[in-house]
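Some notes on the structure that comes next.
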Amino acid sequence: MNAPDTITAAWRALDRGHTRREQDAAWRYLCELRNRERDRFAASRGWVVCPWFATGRLVGARGRWVRELEGTEDAFDHRSCFTTPGRGGRPIAIVSHVYGDPAVCFRFAERYGLAVEQLESSWYLPQQCTAVLFQRPE
């Protein structure tokens, strides 16, 4: 079974859990699968997973209180953030897992000069989400 199918099966297992213990185990397994795929993606690009950063950082904004850019709430959902390797790694990319039409993501990227790519599959919810990679232009 490939990764998207495995993640989808794990998601469905949440519905089958009859006890709290079964549901908790299914949720932990789903999170483990998602993290594994996210980490595999990061390694394939030579990046490091980062807990979170504002979209303003992706376009190079500096300062202590960098904010989200206008339109972030429409283009970003279930984000995974990535930096360059090393101490103080520079924000390099965000993958957003959006429901519905990803066109809003492409408009956001064009507005702010980001490179954008629709990925083959989402590791968040493969059957329901589209994964879109936003990358700081080199």
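Identifiers in this document derive from the order of the structure tokens: chains are assigned A, B, ..., residues are numbered from 1 separately in each chain, and ligands are numbered from 1 in order of occurrence.
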*asked:* So that I can check the secondary structure, give me every residue of stretch 3-128 of chain A assigned helix (DSSP H, G or I) by backbone DSSP, as a PyMOL selection string.
replied: chain A and resi 3-16+20-45+55-58+72-75+103-112
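The residues of chain A that DSSP classifies as strand (DSSP E or B), using the backbone of this structure, are A:Val48, A:Val49, A:Cys50, A:Ser80, A:Cys81, A:Phe82, A:Thr83, A:Pro91, A:Ile92, A:Ala93, A:Ile94, A:Val95, A:Ser96, A:His97, A:Val98, A:Tyr99, A:Ala115, A:Val116, A:Glu117, A:Gln118, A:Cys129, A:Thr130, A:Ala131, A:Val132, A:Leu133, A:Phe134, A:Gln135.
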Just C-alpha atoms for this one: save the residues we selected as a PDB file, in the first residue's frame.
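Saved to again.pdb:
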```
ATOM      1  CA  VAL A  48      14.518  20.572   7.740  1.00  0.00           C
ATOM      2  CA  VAL A  49      11.019  20.496   9.233  1.00  0.00           C
ATOM      3  CA  CYS A  50      10.260  23.593  11.285  1.00  0.00           C
ATOM      4  CA  SER A  80       4.049  22.219   7.169  1.00  0.00           C
ATOM      5  CA  CYS A  81       7.015  24.599   7.330  1.00  0.00           C
ATOM      6  CA  PHE A  82      10.566  23.931   6.173  1.00  0.00           C
ATOM      7  CA  THR A  83      13.900  25.693   6.599  1.00  0.00           C
ATOM      8  CA  PRO A  91      12.529  29.736   6.004  1.00  0.00           C
ATOM      9  CA  ILE A  92      12.479  28.160   2.552  1.00  0.00           C
ATOM     10  CA  ALA A  93       9.053  26.584   1.985  1.00  0.00           C
ATOM     11  CA  ILE A  94       5.562  25.855   3.256  1.00  0.00           C
ATOM     12  CA  VAL A  95       3.298  23.027   2.142  1.00  0.00           C
ATOM     13  CA  SER A  96      -0.391  23.804   2.509  1.00  0.00           C
ATOM     14  CA  HIS A  97      -3.039  21.072   2.443  1.00  0.00           C
ATOM     15  CA  VAL A  98      -6.161  22.819   1.123  1.00  0.00           C
ATOM     16  CA  TYR A  99      -9.687  21.593   0.581  1.00  0.00           C
ATOM     17  CA  ALA A 115       7.362  29.698  -6.560  1.00  0.00           C
ATOM     18  CA  VAL A 116       4.370  27.354  -6.342  1.00  0.00           C
ATOM     19  CA  GLU A 117       3.839  23.696  -7.194  1.00  0.00           C
ATOM     20  CA  GLN A 118       0.907  21.334  -6.767  1.00  0.00           C
ATOM     21  CA  CYS A 129      -6.878  17.767   0.344  1.00  0.00           C
ATOM     22  CA  THR A 130      -4.561  19.080  -2.325  1.00  0.00           C
ATOM     23  CA  ALA A 131      -0.972  19.680  -1.245  1.00  0.00           C
ATOM     24  CA  VAL A 132       0.532  22.914  -2.564  1.00  0.00           C
ATOM     25  CA  LEU A 133       4.201  23.819  -2.121  1.00  0.00           C
ATOM     26  CA  PHE A 134       5.087  27.494  -1.689  1.00  0.00           C
ATOM     27  CA  GLN A 135       8.793  28.153  -1.992  1.00  0.00           C
TER      28      GLN A 135
END
```
*asked:* Can you pull out the residues contacting stretch 18-31 of chain A? Cut-off 12 Å, using only C-alpha atoms, and skip same-chain residues under 3 positions away; I want them as a list of chain:residue names.
replied: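 The filter keeps A:Ala3, A:Pro4, A:Asp5, A:Thr6, A:Ile7, A:Thr8, A:Ala9, A:Ala10, A:Trp11, A:Arg12, A:Ala13, A:Leu14, A:Asp15, A:Arg34, A:Asn35, A:Arg36, A:Glu37, A:Arg38, A:Trp123, A:Tyr124, A:Leu125.
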Keeping only N, CA and C atoms, write those residues as a compact mmCIF listing (two decimals), in the first residue's frame.
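Result file follows (part_16.txt):
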```txt
# COMPACT_ATOMS: atom_id res chain seq x y z
N ALA A 3 1.84 5.41 0.46
CA ALA A 3 1.64 6.29 1.61
C ALA A 3 0.26 6.95 1.63
N PRO A 4 -0.23 7.55 0.51
CA PRO A 4 -1.57 8.15 0.58
C PRO A 4 -2.66 7.14 0.96
N ASP A 5 -2.57 5.93 0.43
CA ASP A 5 -3.57 4.91 0.77
C ASP A 5 -3.46 4.50 2.24
N THR A 6 -2.24 4.40 2.76
CA THR A 6 -2.03 4.04 4.16
C THR A 6 -2.60 5.12 5.08
N ILE A 7 -2.37 6.39 4.73
CA ILE A 7 -2.88 7.50 5.54
C ILE A 7 -4.40 7.51 5.50
N THR A 8 -4.97 7.30 4.33
CA THR A 8 -6.43 7.26 4.20
C THR A 8 -7.02 6.12 5.04
N ALA A 9 -6.38 4.97 5.01
CA ALA A 9 -6.84 3.83 5.81
C ALA A 9 -6.75 4.15 7.30
N ALA A 10 -5.70 4.82 7.71
CA ALA A 10 -5.54 5.19 9.12
C ALA A 10 -6.62 6.19 9.54
N TRP A 11 -6.96 7.11 8.64
CA TRP A 11 -8.01 8.09 8.92
C TRP A 11 -9.35 7.37 9.12
N ARG A 12 -9.62 6.42 8.27
CA ARG A 12 -10.88 5.66 8.37
C ARG A 12 -10.92 4.83 9.65
N ALA A 13 -9.77 4.41 10.13
CA ALA A 13 -9.72 3.61 11.36
C ALA A 13 -10.20 4.42 12.56
N LEU A 14 -10.06 5.73 12.49
CA LEU A 14 -10.57 6.57 13.58
C LEU A 14 -12.06 6.38 13.77
N ASP A 15 -12.79 6.23 12.66
CA ASP A 15 -14.24 6.03 12.73
C ASP A 15 -14.61 4.66 13.29
N ARG A 34 1.66 10.70 9.02
CA ARG A 34 1.77 12.04 8.43
C ARG A 34 3.17 12.61 8.64
N ASN A 35 3.67 12.49 9.87
CA ASN A 35 5.00 13.02 10.17
C ASN A 35 6.08 12.31 9.37
N ARG A 36 5.93 11.02 9.19
CA ARG A 36 6.89 10.25 8.40
C ARG A 36 6.93 10.76 6.95
N GLU A 37 5.77 10.97 6.37
CA GLU A 37 5.71 11.47 4.98
C GLU A 37 6.23 12.89 4.87
N ARG A 38 5.90 13.73 5.85
CA ARG A 38 6.42 15.11 5.86
C ARG A 38 7.94 15.10 5.96
N TRP A 123 -0.23 14.60 2.42
CA TRP A 123 -0.01 13.66 3.51
C TRP A 123 -0.95 14.00 4.68
N TYR A 124 -1.74 15.05 4.54
CA TYR A 124 -2.69 15.36 5.59
C TYR A 124 -3.97 14.53 5.43
N LEU A 125 -4.66 14.70 4.33
CA LEU A 125 -5.83 13.89 3.99
C LEU A 125 -5.80 13.66 2.48
```
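Between atom CA of A:Thr55 and atom CA of A:Thr72 the separation is 7.2 Å.
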_atom CA of A:Phe108 to atom CA of A:Arg67, straight-line distance in Å_ = 15.4 Å
*Just the residues within 9 Å of A:Val104, please, counting only C-alpha atoms, with nothing from its chain fewer than 5 positions along; format it as a PyMOL selection string.*
chain A and resi 71+74-75+109
Could you save the residues just selected, with N, CA and C atoms, as a PDB file, in the first residue's frame?
```
ATOM      1  N   GLY A  71      -4.312  37.368   2.729  1.00  0.00           N
ATOM      2  CA  GLY A  71      -4.702  36.231   1.903  1.00  0.00           C
ATOM      3  C   GLY A  71      -4.242  34.885   2.454  1.00  0.00           C
ATOM      4  N   ASP A  74      -6.865  32.153   3.322  1.00  0.00           N
ATOM      5  CA  ASP A  74      -7.507  31.438   2.215  1.00  0.00           C
ATOM      6  C   ASP A  74      -6.586  30.405   1.561  1.00  0.00           C
ATOM      7  N   ALA A  75      -5.304  30.683   1.541  1.00  0.00           N
ATOM      8  CA  ALA A  75      -4.357  29.844   0.793  1.00  0.00           C
ATOM      9  C   ALA A  75      -3.639  28.797   1.647  1.00  0.00           C
ATOM     10  N   ALA A 109       0.578  32.968  -4.433  1.00  0.00           N
ATOM     11  CA  ALA A 109       1.995  32.861  -4.820  1.00  0.00           C
ATOM     12  C   ALA A 109       2.362  33.926  -5.846  1.00  0.00           C
TER      13      ALA A 109
END
```
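Atom pair atom CA of A:Ala61 / atom CA of A:Pro137 has a distance of 13.7 Å (rounded to one decimal).
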